[in-house]
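Participant: I am attaching a structure below and will ask some questions about it afterwards.
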Amino acid sequence: MPETLFPPRFVWGASTSAYQIEGSPLADGAGPSIWHRFCRTPGKVANGETGEPACDHYHRWKDDVALMKRLGLQGYRFSIAWGRILPEGRGRVNQKGLDFYRRLVDELAASGIEPMATLYHWDLPAALDDLGGWTNRDVVGWFADYAEVLFRALDDRVRWWATINEPWVVMDGGYLHGGLAPGHASPYEAPIVAHNLLLAHGEAVAAYRAIGKNQIGIVLNLEPKDPASDSAEDRDATRLADAQVNRHFLDPLFRGSYPEEMSEIYGDGWPELPRSDFDVIRRPMDFLGINYYTRGVTAADPSVPYIRSRRVPQPGRLRNTLGWEVRPESLTELLVRVHRDYTRLPLFITENGGAFYDPPSPIDGRVEDPLRIHYLRTHLLAAAEAIRGGVDLRGYFVWSLMDNFEWSLGYAQRFGIVHVDYRTQQRTPKQSAEFYSEVIRTGGANLARGA
Ligand code: FCB
């Protein structure tokens, strides 16, 4: 008998997010989000691109589900646009917005694909941003109320709920460095934002316990940090970098406190926080979603604010078109660390994938993407290695189902296993999609054979 790499009910899926694929952000009474505004602010997004039309999924959702079915996907992780459900972010519910996601989850169910719905993938309603957005502690209640509307409407179909996607990116990109919406850069705001995101997650979990029958968790982007050398300076810088990205979120969720490095990083920006908040943040959840793309090799550099280090490119290693090192071993290490040091909860890889040097358009109807196949194959084997080491990994969602709007980088970076021609909206499964279908069909038995 050949060795089985993945457990029997392992879920094979793909991920997307609302603003990156839907298009038509104001259709049917939806309210604008911070990304709608950000894209219209000159200089914020490459080539002045916006989330319109993206993949026009708002109109093509049915064909897209059919495509997922053809690929053999068992799970689909998507996000819900808050402003479609509550155009002002709170108060009035927009039935048409709710209907869109209702139709989507019904179609998924009819196609035998299990939905994982993310409540927040970065598109805060602009009306809430006007009230301070994630810096205003009232957002905790606004988010819990919004979550409750969805739990009541869709829990019969949604098997897994993810509260917040990547709180670190929301904080770091949105409020500390400003490269992502809403584009603030303040060490005074960022720690408060992170705290409010975690509280919002905890209150949504509490609301779910009163209503929901399935599973709820959070999605963290975790990036292992390795020192560039053995020097005390590099090792110390690595400790800070790890605290800033990883432990800032893992510690409060699973240990009920922030790492002590926080005040070292944010100085007088680090606030006093009520102890009782941690009872909210660490409410028991059902799973943890992990987004993994790369690791960071870290060298001390006192001139860099907050983390006092820089990332050192590794010569001779494959990198994606964003410059991210391809390092599957770090995925194994990460999964083992989370399982060993933080939680025995079931884990999901909720995002993993890469933008590579694909031909910009299909050649003879085909898109050959050997580097993406290599990335997927080696990372799936790395995940299997963690499972062999005792990690309770329940599923894998590739980022992304299809090429889409890559935030401030616009449309040039293509992460999809399906190619999208943005002029015609033609979808063409890349060779990696065929490869992934075969992984699903064989339960991973084709992985060891090589790409
Ligand atoms: C993650 C985001 C996702 C996508 C990938 C490439 O940080 O969650 O929306 O942009 O990176």
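Quick note on naming: the chains in the structure tokens go A, B, ... in the order shown, residues restart at 1 in each chain, and ligands are numbered from 1 in order of appearance.
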Could you report the residues within 7 Å of ligand 1, using only C-alpha atoms and all ligand atoms, as number ranges by chain?

Facilitator: A: 17, 165-166, 169, 221, 399, 406-407, 415

Participant: Counting only C-alpha atoms, what is within 7 Å of segment 266-276 of chain A, bar same-chain residues fewer than 5 positions away, as a PDB file with all heavy atoms, in the first residue's frame?

Facilitator:
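Listing of out_19.pdb after writing:
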ATOM      1  N   PRO A 187       2.318  54.875  14.601  1.00  0.00           N
ATOM      2  CA  PRO A 187       2.576  53.859  15.639  1.00  0.00           C
ATOM      3  C   PRO A 187       1.642  54.023  16.827  1.00  0.00           C
ATOM      4  O   PRO A 187       1.618  53.167  17.715  1.00  0.00           O
ATOM      5  CB  PRO A 187       4.017  54.149  16.058  1.00  0.00           C
ATOM      6  CG  PRO A 187       4.226  55.592  15.749  1.00  0.00           C
ATOM      7  CD  PRO A 187       3.382  55.890  14.536  1.00  0.00           C
ATOM      8  N   TYR A 188       0.877  55.104  16.844  1.00  0.00           N
ATOM      9  CA  TYR A 188      -0.100  55.291  17.923  1.00  0.00           C
ATOM     10  C   TYR A 188      -1.406  54.596  17.576  1.00  0.00           C
ATOM     11  O   TYR A 188      -2.099  54.076  18.446  1.00  0.00           O
ATOM     12  CB  TYR A 188      -0.313  56.783  18.208  1.00  0.00           C
ATOM     13  CG  TYR A 188       0.982  57.416  18.658  1.00  0.00           C
ATOM     14  CD1 TYR A 188       1.793  58.096  17.761  1.00  0.00           C
ATOM     15  CD2 TYR A 188       1.425  57.244  19.969  1.00  0.00           C
ATOM     16  CE1 TYR A 188       3.016  58.617  18.163  1.00  0.00           C
ATOM     17  CE2 TYR A 188       2.651  57.758  20.384  1.00  0.00           C
ATOM     18  CZ  TYR A 188       3.437  58.443  19.470  1.00  0.00           C
ATOM     19  OH  TYR A 188       4.654  58.938  19.874  1.00  0.00           O
ATOM     20  N   PRO A 191      -1.243  49.779  17.173  1.00  0.00           N
ATOM     21  CA  PRO A 191      -1.510  48.796  18.235  1.00  0.00           C
ATOM     22  C   PRO A 191      -2.975  48.773  18.677  1.00  0.00           C
ATOM     23  O   PRO A 191      -3.511  47.713  19.022  1.00  0.00           O
ATOM     24  CB  PRO A 191      -0.624  49.267  19.400  1.00  0.00           C
ATOM     25  CG  PRO A 191       0.408  50.153  18.792  1.00  0.00           C
ATOM     26  CD  PRO A 191      -0.241  50.782  17.592  1.00  0.00           C
ATOM     27  N   TYR A 306      10.556  50.532  14.289  1.00  0.00           N
ATOM     28  CA  TYR A 306       9.787  49.450  14.938  1.00  0.00           C
ATOM     29  C   TYR A 306      10.565  48.134  15.032  1.00  0.00           C
ATOM     30  O   TYR A 306      10.989  47.752  16.110  1.00  0.00           O
ATOM     31  CB  TYR A 306       8.421  49.226  14.282  1.00  0.00           C
ATOM     32  CG  TYR A 306       7.715  50.518  13.935  1.00  0.00           C
ATOM     33  CD1 TYR A 306       7.338  50.826  12.630  1.00  0.00           C
ATOM     34  CD2 TYR A 306       7.477  51.477  14.930  1.00  0.00           C
ATOM     35  CE1 TYR A 306       6.735  52.026  12.321  1.00  0.00           C
ATOM     36  CE2 TYR A 306       6.875  52.697  14.618  1.00  0.00           C
ATOM     37  CZ  TYR A 306       6.511  52.967  13.305  1.00  0.00           C
ATOM     38  OH  TYR A 306       5.937  54.149  12.996  1.00  0.00           O
TER      39      TYR A 306
END

Participant: Using only C-alpha atoms, which of A:Thr298, A:Arg247, A:Ala412, A:Ile265 sits nearest Ser229 of chain A?

Facilitator: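 Of A:Thr298, A:Arg247, A:Ala412, A:Ile265, the one nearest Ser229 of chain A, counting only C-alpha atoms, is A:Thr298.
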
Participant: For Arg311 of chain A, please output as number ranges by chain all residues within 8 Å (counting only C-alpha atoms; exclusion window: fewer than 4 positions along the same chain).

Facilitator: A: 296-299

Participant: Return as a VMD selection string the full set of residues in segment 142-215 of chain A whose backbone-based DSSP assignment is alpha helix (DSSP H).

Facilitator: chain A and resid 142 to 154 167 to 171 190 to 211

Participant: So which one's closest to Leu220 of chain A, A:Thr238, A:Thr350, A:Ser186, A:Thr118? Using only C-alpha atoms, please.

Facilitator: A:Thr350

Participant: Using only C-alpha atoms, which of A:Trp161, A:Tyr342, A:Phe6, A:Tyr101 sits nearest Leu393 of chain A?

Facilitator: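 Of A:Trp161, A:Tyr342, A:Phe6, A:Tyr101, the one nearest Leu393 of chain A, counting only C-alpha atoms, is A:Phe6.
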
Participant: Going by DSSP on the backbone, which bits of segment 286-350 of chain A are strand (DSSP E or B)? Write them as a ChimeraX atom specification, please.

Facilitator: /A:287-291,296-300,309-311,319,325,347-350

Participant: Based on the selection just made, write N, CA and C atoms of those residues as an mmCIF file, in the first residue's frame.

Facilitator:
data_model
loop_
_atom_site.group_PDB
_atom_site.id
_atom_site.type_symbol
_atom_site.label_atom_id
_atom_site.label_comp_id
_atom_site.auth_asym_id
_atom_site.auth_seq_id
_atom_site.Cartn_x
_atom_site.Cartn_y
_atom_site.Cartn_z
ATOM 1 N N PHE A 287 -11.214 26.416 14.978
ATOM 2 C CA PHE A 287 -10.061 26.117 14.118
ATOM 3 C C PHE A 287 -9.229 27.388 13.984
ATOM 4 N N LEU A 288 -8.014 27.201 13.529
ATOM 5 C CA LEU A 288 -7.170 28.345 13.180
ATOM 6 C C LEU A 288 -6.795 28.225 11.705
ATOM 7 N N GLY A 289 -7.000 29.303 10.971
ATOM 8 C CA GLY A 289 -6.571 29.353 9.571
ATOM 9 C C GLY A 289 -5.216 30.037 9.482
ATOM 10 N N ILE A 290 -4.336 29.454 8.693
ATOM 11 C CA ILE A 290 -2.989 30.017 8.543
ATOM 12 C C ILE A 290 -2.737 30.325 7.070
ATOM 13 N N ASN A 291 -2.338 31.564 6.796
ATOM 14 C CA ASN A 291 -1.903 31.934 5.453
ATOM 15 C C ASN A 291 -0.381 31.940 5.454
ATOM 16 N N GLY A 296 11.027 35.200 6.505
ATOM 17 C CA GLY A 296 11.836 36.417 6.463
ATOM 18 C C GLY A 296 13.195 36.148 7.080
ATOM 19 N N VAL A 297 14.249 36.301 6.282
ATOM 20 C CA VAL A 297 15.604 36.195 6.845
ATOM 21 C C VAL A 297 15.992 37.594 7.312
ATOM 22 N N THR A 298 16.337 37.695 8.588
ATOM 23 C CA THR A 298 16.319 38.975 9.272
ATOM 24 C C THR A 298 17.712 39.412 9.729
ATOM 25 N N ALA A 299 18.112 40.625 9.305
ATOM 26 C CA ALA A 299 19.394 41.189 9.759
ATOM 27 C C ALA A 299 19.124 42.475 10.522
ATOM 28 N N ALA A 300 19.811 42.666 11.627
ATOM 29 C CA ALA A 300 19.630 43.873 12.445
ATOM 30 C C ALA A 300 19.930 45.114 11.608
ATOM 31 N N SER A 309 15.129 45.989 11.798
ATOM 32 C CA SER A 309 15.801 44.958 10.996
ATOM 33 C C SER A 309 15.326 45.065 9.566
ATOM 34 N N ARG A 310 16.057 44.410 8.695
ATOM 35 C CA ARG A 310 15.603 44.332 7.308
ATOM 36 C C ARG A 310 15.670 42.886 6.850
ATOM 37 N N ARG A 311 14.941 42.668 5.782
ATOM 38 C CA ARG A 311 14.858 41.336 5.188
ATOM 39 C C ARG A 311 16.045 41.172 4.238
ATOM 40 N N ARG A 319 12.400 32.958 -6.157
ATOM 41 C CA ARG A 319 11.510 33.958 -5.564
ATOM 42 C C ARG A 319 10.323 34.171 -6.488
ATOM 43 N N GLU A 325 10.761 34.858 -1.136
ATOM 44 C CA GLU A 325 11.516 33.606 -1.244
ATOM 45 C C GLU A 325 10.568 32.397 -1.165
ATOM 46 N N LEU A 347 -6.100 22.826 12.309
ATOM 47 C CA LEU A 347 -5.548 23.921 11.516
ATOM 48 C C LEU A 347 -5.972 23.760 10.053
ATOM 49 N N PHE A 348 -6.109 24.888 9.382
ATOM 50 C CA PHE A 348 -6.278 24.892 7.926
ATOM 51 C C PHE A 348 -5.217 25.790 7.329
ATOM 52 N N ILE A 349 -4.671 25.412 6.202
ATOM 53 C CA ILE A 349 -3.907 26.376 5.412
ATOM 54 C C ILE A 349 -4.950 27.090 4.563
ATOM 55 N N THR A 350 -5.198 28.351 4.902
ATOM 56 C CA THR A 350 -6.290 29.078 4.256
ATOM 57 C C THR A 350 -5.812 29.890 3.049
#

Participant: What gap, in Å, lies between atom CA of Met116 of chain A and atom CA of Thr424 of chain A?

Facilitator: 28.5 Å

Participant: So that I can see what lies close to segment 102-108 of chain A, please list as number ranges by chain the residues with an atom at most 8 Å from it, counting only C-alpha atoms and leaving out residues fewer than 3 positions away in the same chain.

Facilitator: A: 61-62, 65, 98-99, 111-115, 153-154, 157-158

Participant: Generate the output file for the selected residues, C-alpha atoms, as a PDB file, in the first residue's frame.

Facilitator:
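Writing the result to selection-v9.pdb gives the following:
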ATOM      1  CA  TRP A  61     -20.503  33.693  -9.885  1.00  0.00           C
ATOM      2  CA  LYS A  62     -22.504  30.841 -11.335  1.00  0.00           C
ATOM      3  CA  VAL A  65     -18.833  27.788  -9.237  1.00  0.00           C
ATOM      4  CA  LEU A  98     -27.505  39.298   1.329  1.00  0.00           C
ATOM      5  CA  ASP A  99     -29.264  37.646  -1.628  1.00  0.00           C
ATOM      6  CA  SER A 111     -22.232  21.584  -6.485  1.00  0.00           C
ATOM      7  CA  GLY A 112     -20.960  19.663  -3.470  1.00  0.00           C
ATOM      8  CA  ILE A 113     -18.470  22.398  -2.492  1.00  0.00           C
ATOM      9  CA  GLU A 114     -18.234  23.411   1.173  1.00  0.00           C
ATOM     10  CA  PRO A 115     -18.128  27.144   1.841  1.00  0.00           C
ATOM     11  CA  ALA A 153     -28.832  34.336   7.257  1.00  0.00           C
ATOM     12  CA  LEU A 154     -26.231  31.811   6.086  1.00  0.00           C
ATOM     13  CA  ARG A 157     -24.895  26.552   4.430  1.00  0.00           C
ATOM     14  CA  VAL A 158     -21.556  27.925   5.647  1.00  0.00           C
TER      15      VAL A 158
END

Participant: In Å to one decimal, how far is atom CA of Asp242 of chain A from atom CA of Tyr258 of chain A?

Facilitator: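 The value is 12.6 Å.
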
Participant: Gln20 of chain A: which residues within 7 Å, counting only C-alpha atoms, same-chain residues fewer than 4 positions away excluded, as a ChimeraX atom specification?

Facilitator: /A:51,54,404-406

Participant: Might you pull out every residue within 12 Å of segment 81-87 of chain A, with only C-alpha atoms counted and same-chain residues fewer than 6 positions away left off, and present them as a PyMOL selection string?

Facilitator: chain A and resi 17-36+58+93-102+117-129+142-150+153+163-164

Participant: With only C-alpha atoms as the basis for distance, which of A:Arg283, A:Arg239, A:Leu67, A:Val140 is at the shortest distance from Pro259 of chain A?

Facilitator: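 The shortest atom-to-atom distance to Pro259 of chain A comes from A:Arg239.
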
Participant: Work out how far apart atom CA of Gly443 of chain A and atom CA of Arg70 of chain A are and give it in Å to one decimal.

Facilitator: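 Rounded to one decimal, the two atoms are 16.3 Å apart.
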
Participant: Which residues are close to Leu381 of chain A, i.e. within 9 Å by only C-alpha atoms, leaving aside same-chain residues fewer than 6 positions away? Reply as a VMD selection string.

Facilitator: chain A and resid 5 328 332 444 447 to 448

Participant: Just write the chosen residues, N, CA and C atoms, as a short mmCIF file (atom, residue, chain, number, x, y, z; two decimals), in the first residue's frame.

Facilitator:
data_model
loop_
_atom_site.label_atom_id
_atom_site.label_comp_id
_atom_site.auth_asym_id
_atom_site.auth_seq_id
_atom_site.Cartn_x
_atom_site.Cartn_y
_atom_site.Cartn_z
N LEU A 5 -0.57 10.51 2.31
CA LEU A 5 0.04 11.74 2.83
C LEU A 5 -0.94 12.59 3.63
N PRO A 328 9.49 26.03 1.22
CA PRO A 328 8.49 25.12 1.79
C PRO A 328 8.85 24.60 3.18
N THR A 332 6.52 23.72 7.05
CA THR A 332 6.51 22.60 8.00
C THR A 332 6.85 23.12 9.40
N GLY A 444 -3.47 13.38 -3.27
CA GLY A 444 -2.07 13.75 -3.08
C GLY A 444 -1.09 12.68 -3.54
N LEU A 447 1.83 13.66 -5.83
CA LEU A 447 2.82 14.66 -5.41
C LEU A 447 4.24 14.12 -5.45
N ALA A 448 4.38 12.94 -4.92
CA ALA A 448 5.73 12.39 -4.78
C ALA A 448 6.35 12.09 -6.14
#

Participant: Taking into account only C-alpha atoms, which residue in the set A:Asp392, A:Tyr293, A:Asp155, A:Gly217 is nearest to His339 of chain A?

Facilitator: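 Among the listed residues, the smallest separation from His339 of chain A belongs to A:Asp392.
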